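File shown here: target.txt, holding compact mmCIF, C-alpha atoms.
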```txt
# COMPACT_ATOMS: atom_id res chain seq x y z
CA MET C 200 302.72 131.31 126.28
CA GLY C 201 299.99 130.14 124.03
CA GLU C 202 299.30 131.77 120.79
CA GLU C 203 296.44 134.28 120.92
CA GLU C 204 293.58 133.46 118.65
CA THR C 205 292.33 136.29 116.51
CA VAL C 206 288.74 136.06 115.38
CA ALA C 207 287.80 138.32 112.54
CA ALA C 208 284.61 140.19 113.22
CA GLU C 209 281.94 139.46 110.69
CA PRO C 210 280.43 142.51 109.08
CA VAL C 211 277.03 143.37 110.49
CA THR C 212 274.36 144.04 107.94
CA GLU C 213 271.03 145.54 108.73
CA THR C 214 268.02 145.33 106.45
CA LYS C 215 265.55 148.14 106.85
CA PRO C 216 261.94 147.65 105.74
CA LEU C 217 261.00 149.50 102.59
CA SER C 218 258.56 152.36 102.90
CA GLU C 219 255.82 153.12 100.38
CA ARG C 220 258.05 155.79 98.83
CA ASP C 221 260.90 153.31 98.19
CA LEU C 222 258.89 150.84 96.11
CA ARG C 223 259.82 150.62 92.45
CA VAL C 224 257.40 151.82 89.79
CA SER C 225 256.47 150.26 86.48
CA ASP C 226 256.18 151.75 82.99
CA ASP C 227 252.39 151.71 83.33
CA GLU C 228 252.61 153.86 86.47
CA ARG C 229 254.93 156.33 84.75
CA GLU C 230 252.57 156.57 81.78
CA HIS C 231 249.63 157.08 84.16
CA VAL C 232 251.37 160.09 85.72
CA VAL C 233 252.06 161.54 82.27
CA GLY C 234 248.32 161.26 81.61
CA VAL C 235 247.61 163.13 84.84
CA LEU C 236 250.03 165.87 83.74
CA GLN C 237 248.09 166.16 80.48
CA LYS C 238 244.98 166.88 82.55
CA ALA C 239 246.91 169.49 84.52
CA ILE C 240 247.97 171.37 81.39
CA GLY C 241 244.38 171.19 80.13
CA ARG C 242 243.20 172.90 83.33
CA GLY C 243 245.85 175.60 83.07
CA MET C 244 247.66 174.40 86.19
CA ILE C 245 251.01 174.10 84.37
CA ASP C 246 252.36 175.49 81.11
CA LEU C 247 253.96 173.62 78.23
CA ASP C 248 257.52 174.02 79.53
CA GLU C 249 256.52 172.67 82.95
CA PHE C 250 254.69 169.79 81.30
CA THR C 251 257.82 168.85 79.36
CA GLU C 252 260.07 169.11 82.43
CA ARG C 253 257.70 167.12 84.66
CA THR C 254 257.17 164.48 81.98
CA ASP C 255 260.91 163.94 81.73
CA ARG C 256 261.11 163.57 85.52
CA ALA C 257 258.18 161.14 85.56
CA LEU C 258 259.68 158.93 82.87
CA ALA C 259 263.02 158.90 84.71
CA SER C 260 261.49 158.07 88.10
CA ARG C 261 262.47 154.78 89.69
CA THR C 262 260.49 154.89 92.97
CA ARG C 263 257.01 155.97 94.00
CA GLY C 264 258.46 158.79 96.05
CA GLU C 265 260.23 160.23 93.00
CA LEU C 266 257.20 159.71 90.80
CA ASN C 267 254.71 161.27 93.15
CA ALA C 268 256.94 164.32 93.70
CA VAL C 269 256.08 165.27 90.12
CA LEU C 270 252.43 165.81 91.17
CA ALA C 271 252.83 166.84 94.82
CA ASP C 272 251.99 170.56 94.30
CA LEU C 273 249.04 170.00 91.94
CA ALA C 274 245.88 170.21 94.05
CA GLY C 275 243.35 167.48 93.32
CA LEU C 276 245.77 165.48 91.16
CA TYR C 277 247.66 162.50 92.53
CA HIS C 278 249.02 159.08 91.71
CA PRO C 279 246.75 156.53 93.47
CA ALA C 280 249.49 153.96 94.12
CA ALA C 281 251.58 156.57 95.92
CA ALA C 282 248.79 158.44 97.65
CA LEU C 283 250.22 157.96 101.13
CA ALA C 284 253.52 159.45 100.06
CA ALA C 285 251.69 162.53 98.77
CA ALA C 286 249.98 163.36 102.04
CA PRO C 287 250.89 166.68 103.67
CA ALA C 288 253.22 166.89 106.62
CA TYR C 289 251.52 167.02 109.99
CA ALA C 290 252.88 170.28 111.35
CA PRO C 291 251.35 173.68 112.13
CA PRO C 292 252.55 176.77 110.23
CA VAL C 293 255.84 178.32 111.31
CA GLY C 294 255.38 180.53 114.35
CA TYR C 295 252.06 178.94 115.35
CA PRO C 296 252.10 176.77 118.49
CA GLY C 297 249.25 174.57 117.32
CA TYR C 298 247.00 172.54 119.61
CA SER C 299 248.08 170.36 122.48
CA THR C 300 247.62 166.60 122.15
CA GLY C 301 244.05 165.55 122.92
CA GLN C 302 242.72 169.11 122.92
CA ARG C 303 239.14 169.30 121.61
CA PHE C 304 238.31 172.31 119.48
CA GLU C 305 234.62 173.25 119.19
CA LEU C 306 232.90 174.94 116.26
CA ASN C 307 229.37 176.31 116.68
CA ALA C 308 226.92 177.40 113.99
CA LYS C 309 223.52 178.44 115.38
CA TYR C 310 221.16 180.12 112.94
CA SER C 311 224.26 181.08 110.95
CA SER C 312 226.85 179.92 108.42
CA LEU C 313 230.30 178.74 109.48
CA VAL C 314 233.11 178.10 107.01
CA ARG C 315 236.67 176.89 107.54
CA GLY C 316 239.00 176.66 104.55
CA GLY C 317 242.40 177.54 103.18
CA PRO C 318 245.55 176.77 105.23
CA TRP C 319 243.75 176.50 108.58
CA VAL C 320 245.19 174.48 111.47
CA VAL C 321 243.27 171.31 112.32
CA PRO C 322 243.61 169.66 115.75
CA SER C 323 243.28 165.92 116.27
CA GLU C 324 239.76 166.32 117.76
CA LEU C 325 236.95 168.56 116.52
CA VAL C 326 233.39 169.07 117.78
CA VAL C 327 230.90 170.55 115.31
CA ARG C 328 227.61 171.85 116.71
CA ASN C 329 225.17 172.97 114.03
CA LYS C 330 221.62 174.07 114.84
CA TYR C 331 219.49 175.64 112.11
CA GLY C 332 222.68 176.68 110.34
CA SER C 333 225.30 175.45 107.90
CA THR C 334 228.88 174.33 108.39
CA LYS C 335 231.48 173.86 105.67
CA LEU C 336 234.88 172.35 106.54
CA ASP C 337 237.35 172.36 103.66
CA PHE C 338 240.46 170.30 104.49
CA THR C 339 242.01 170.64 101.03
CA GLU C 340 244.79 173.02 102.14
CA ALA C 341 244.53 172.44 105.88
CA GLN C 342 247.53 171.97 108.16
CA VAL C 343 246.59 168.73 109.91
CA GLN C 344 248.38 167.89 113.15
CA SER C 345 247.72 164.14 113.25
CA PRO C 346 247.19 161.29 110.75
CA VAL C 347 243.73 160.67 112.23
CA VAL C 348 241.24 163.49 112.91
CA HIS C 349 238.20 162.74 115.07
CA ILE C 350 235.14 164.86 114.30
CA GLU C 351 232.10 164.69 116.58
CA LEU C 352 228.90 165.98 114.96
CA ASP C 353 225.86 167.43 116.70
CA ALA C 354 223.77 168.61 113.76
CA LYS C 355 220.11 169.59 114.17
CA TRP C 356 218.16 170.92 111.22
CA GLY C 357 221.29 172.13 109.52
CA SER C 358 223.75 171.09 106.82
CA VAL C 359 227.33 169.95 107.19
CA GLU C 360 229.66 169.79 104.18
CA ILE C 361 233.12 168.25 104.52
CA ILE C 362 235.71 168.48 101.73
CA ILE C 363 238.77 166.22 101.88
CA PRO C 364 241.78 165.82 99.55
CA GLU C 365 241.78 162.83 97.23
CA HIS C 366 244.58 161.13 99.15
CA ALA C 367 242.51 161.29 102.38
CA SER C 368 239.60 159.12 103.54
CA VAL C 369 236.67 159.19 105.93
CA ASP C 370 235.11 156.75 108.37
CA LEU C 371 231.38 157.27 108.85
CA ASN C 372 230.62 153.90 110.45
CA ALA C 373 230.17 155.38 113.93
CA ILE C 374 227.35 157.70 112.79
CA SER C 375 224.33 155.52 113.43
CA ASP C 376 221.85 158.21 114.54
CA VAL C 377 220.40 159.86 111.42
CA LYS C 378 216.79 161.10 111.70
CA PHE C 379 214.81 163.12 109.17
CA GLY C 380 218.06 163.78 107.35
CA ALA C 381 220.57 162.41 104.87
CA MET C 382 224.20 161.32 104.84
CA GLU C 383 226.17 160.99 101.61
CA ASP C 384 229.80 160.07 100.99
CA LYS C 385 230.62 161.23 97.47
CA THR C 386 234.28 160.30 97.90
CA ARG C 387 233.49 156.58 98.31
CA SER C 388 236.40 156.42 100.74
CA ASN C 389 234.47 155.25 103.80
CA GLY C 390 236.51 152.62 105.62
CA ARG C 391 239.38 152.74 103.14
CA MET C 392 242.99 153.66 103.76
CA GLY C 393 243.84 157.31 103.48
CA ASN C 394 246.14 159.95 104.88
CA PRO C 395 244.81 161.83 106.77
CA ARG C 396 241.81 159.79 107.90
CA TYR C 397 238.76 161.68 109.18
CA VAL C 398 236.70 159.64 111.65
CA LEU C 399 233.21 161.04 112.20
CA THR C 400 230.92 160.29 115.13
CA GLY C 401 227.74 161.82 116.55
CA ARG C 402 224.31 162.44 115.11
CA VAL C 403 222.51 164.14 112.23
CA HIS C 404 218.90 165.13 112.98
CA GLY C 405 216.78 166.89 110.41
CA GLY C 406 219.74 167.93 108.31
CA SER C 407 222.35 166.64 105.90
CA LEU C 408 225.95 165.52 105.91
CA VAL C 409 227.87 165.49 102.64
CA VAL C 410 231.51 164.44 102.23
CA ARG C 411 233.15 165.20 98.90
CA HIS C 412 236.42 165.90 97.12
CA PRO C 413 237.31 169.37 95.79
CA ARG C 414 235.39 170.21 92.65
CA ARG C 415 237.40 169.91 89.48
CA GLY C 416 237.51 172.27 86.53
CA LEU C 417 235.95 171.93 83.13
CA PHE C 418 238.38 169.22 82.06
CA GLY C 419 238.12 167.17 85.31
```
Once you've parsed the file, please lay out its structure as structure tokens.
Amino acid sequence: MGEEETVAAEPVTETKPLSERDLRVSDDEREHVVGVLQKAIGRGMIDLDEFTERTDRALASRTRGELNAVLADLAGLYHPAAALAAAPAYAPPVGYPGYSTGQRFELNAKYSSLVRGGPWVVPSELVVRNKYGSTKLDFTEAQVQSPVVHIELDAKWGSVEIIIPEHASVDLNAISDVKFGAMEDKTRSNGRMGNPRYVLTGRVHGGSLVVRHPRRGLFG
């Protein structure tokens, strides 16, 4: 009988790609977040004890995920390099079924004012019809169900105001039909990366479309 050969199995190693949250941060990034925390205490968003605790956490952070967690609950304040990690989770509130995939939700404002704000649920597709009225969509605290939200506009002689978080962005390139009206992107995020990303299509006739970030306080 021949001797059996035994081959030792080589250990299998697997390298997983790093996410944005896993990237290491520098001293400059840590100091930047401390500066943001100073703004937060100036606005009354945190007290001195919280400032001290969060500063210690920021200075001890090694990754962008750890660093951005220091600012995650401070509305309107974020660390630009870790903006994607700060984006809200795409899930409806507990106990709410949400919208089915591809479902289009329509909002109508005719000779009236329509406002959506707070923790409202946002489907992946919205249609906004505004005739001789005003529409205000505030996505600052919204529960968004997809990383990209498509918004179709049909605005006639009315105003549309859209408010997005600072970590989000818009895409207005598909709105090419603007007559006797105005379109202004105060966020300067058109075409840039953001999470969520709001893609607008449709037309604006005899009215206005304004996209902006939430207004900051006295010290912003």
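In terms of minimum interatomic distance to C:Asp226, C:Thr262 ranks closest within C:Gln342, C:Thr262, C:Asn329, C:Thr251, counting all atoms listed in the file.
Nearest residue to C:His404, choosing from C:His366, C:Lys355, C:Lys385, C:Arg315 and counting all atoms listed in the file: C:Lys355.
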Tell me which protein, DNA and RNA residues are within 9 Å of C:Gly317, counting only C-alpha atoms, leaving out same-chain ones fewer than 2 positions away, and put them as JSON, numbers by chain. {"C": [315, 319, 337, 338, 339, 340, 341]}
Using C-alpha atoms, can you export the residues from the last selection as a PDB file, keeping the file's coordinate frame?
```
ATOM      1  CA  ARG C 315     236.670 176.890 107.540  1.00  0.00           C
ATOM      2  CA  TRP C 319     243.750 176.500 108.580  1.00  0.00           C
ATOM      3  CA  ASP C 337     237.350 172.360 103.660  1.00  0.00           C
ATOM      4  CA  PHE C 338     240.460 170.300 104.490  1.00  0.00           C
ATOM      5  CA  THR C 339     242.010 170.640 101.030  1.00  0.00           C
ATOM      6  CA  GLU C 340     244.790 173.020 102.140  1.00  0.00           C
ATOM      7  CA  ALA C 341     244.530 172.440 105.880  1.00  0.00           C
TER       8      ALA C 341
END
```
Mind listing whatever residues come within 7 Å of the point (235.4, 173.8, 116.8)? Use all atoms listed in the file, file coordinates, and give them as a tab-separated table (two decimals) with C-alpha atoms, in the frame of the given file.
```tsv
chain	number	residue	atom	x	y	z
C	304	PHE	CA	238.31	172.31	119.48
C	305	GLU	CA	234.62	173.25	119.19
C	306	LEU	CA	232.90	174.94	116.26
C	307	ASN	CA	229.37	176.31	116.68
C	325	LEU	CA	236.95	168.56	116.52
C	326	VAL	CA	233.39	169.07	117.78
C	327	VAL	CA	230.90	170.55	115.31
```
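Proximity ranking of C:Ala239, C:Val403, C:Ala373, C:Val398 relative to C:Val269 places C:Ala239 first, based on only C-alpha atoms.
Taking atom CA of C:Thr400 and atom CA of C:Pro322 as endpoints, the distance between them is 15.8 Å.
Atom CA of C:Leu371 sits 22.1 Å away from atom CA of C:Tyr331.
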**Prompt:** Which protein, DNA or RNA residues have an atom at most 10 Å from (259.7, 156.0, 84.6), counting only C-alpha atoms? List them as JSON, numbers by chain.
**Reply:** {"C": [223, 224, 225, 226, 227, 228, 229, 230, 232, 233, 254, 255, 256, 257, 258, 259, 260, 261, 262, 263, 265, 266]}
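Nearest to C:Leu336 of all the residues C:Leu408, C:Arg396, C:Arg303, C:Phe250 is C:Leu408, counting all atoms listed in the file.
Relative to atom CA of C:Leu273, atom CA of C:Ile245 is found at 8.8 Å.
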Report as an MDAnalysis selection string all protein, DNA and RNA residues lying within 12 Å of C:Ser375, evaluated on all atoms listed in the file, omitting residues in the same chain fewer than 5 positions from it. chainID C and resid 352 370 381:382 399:404
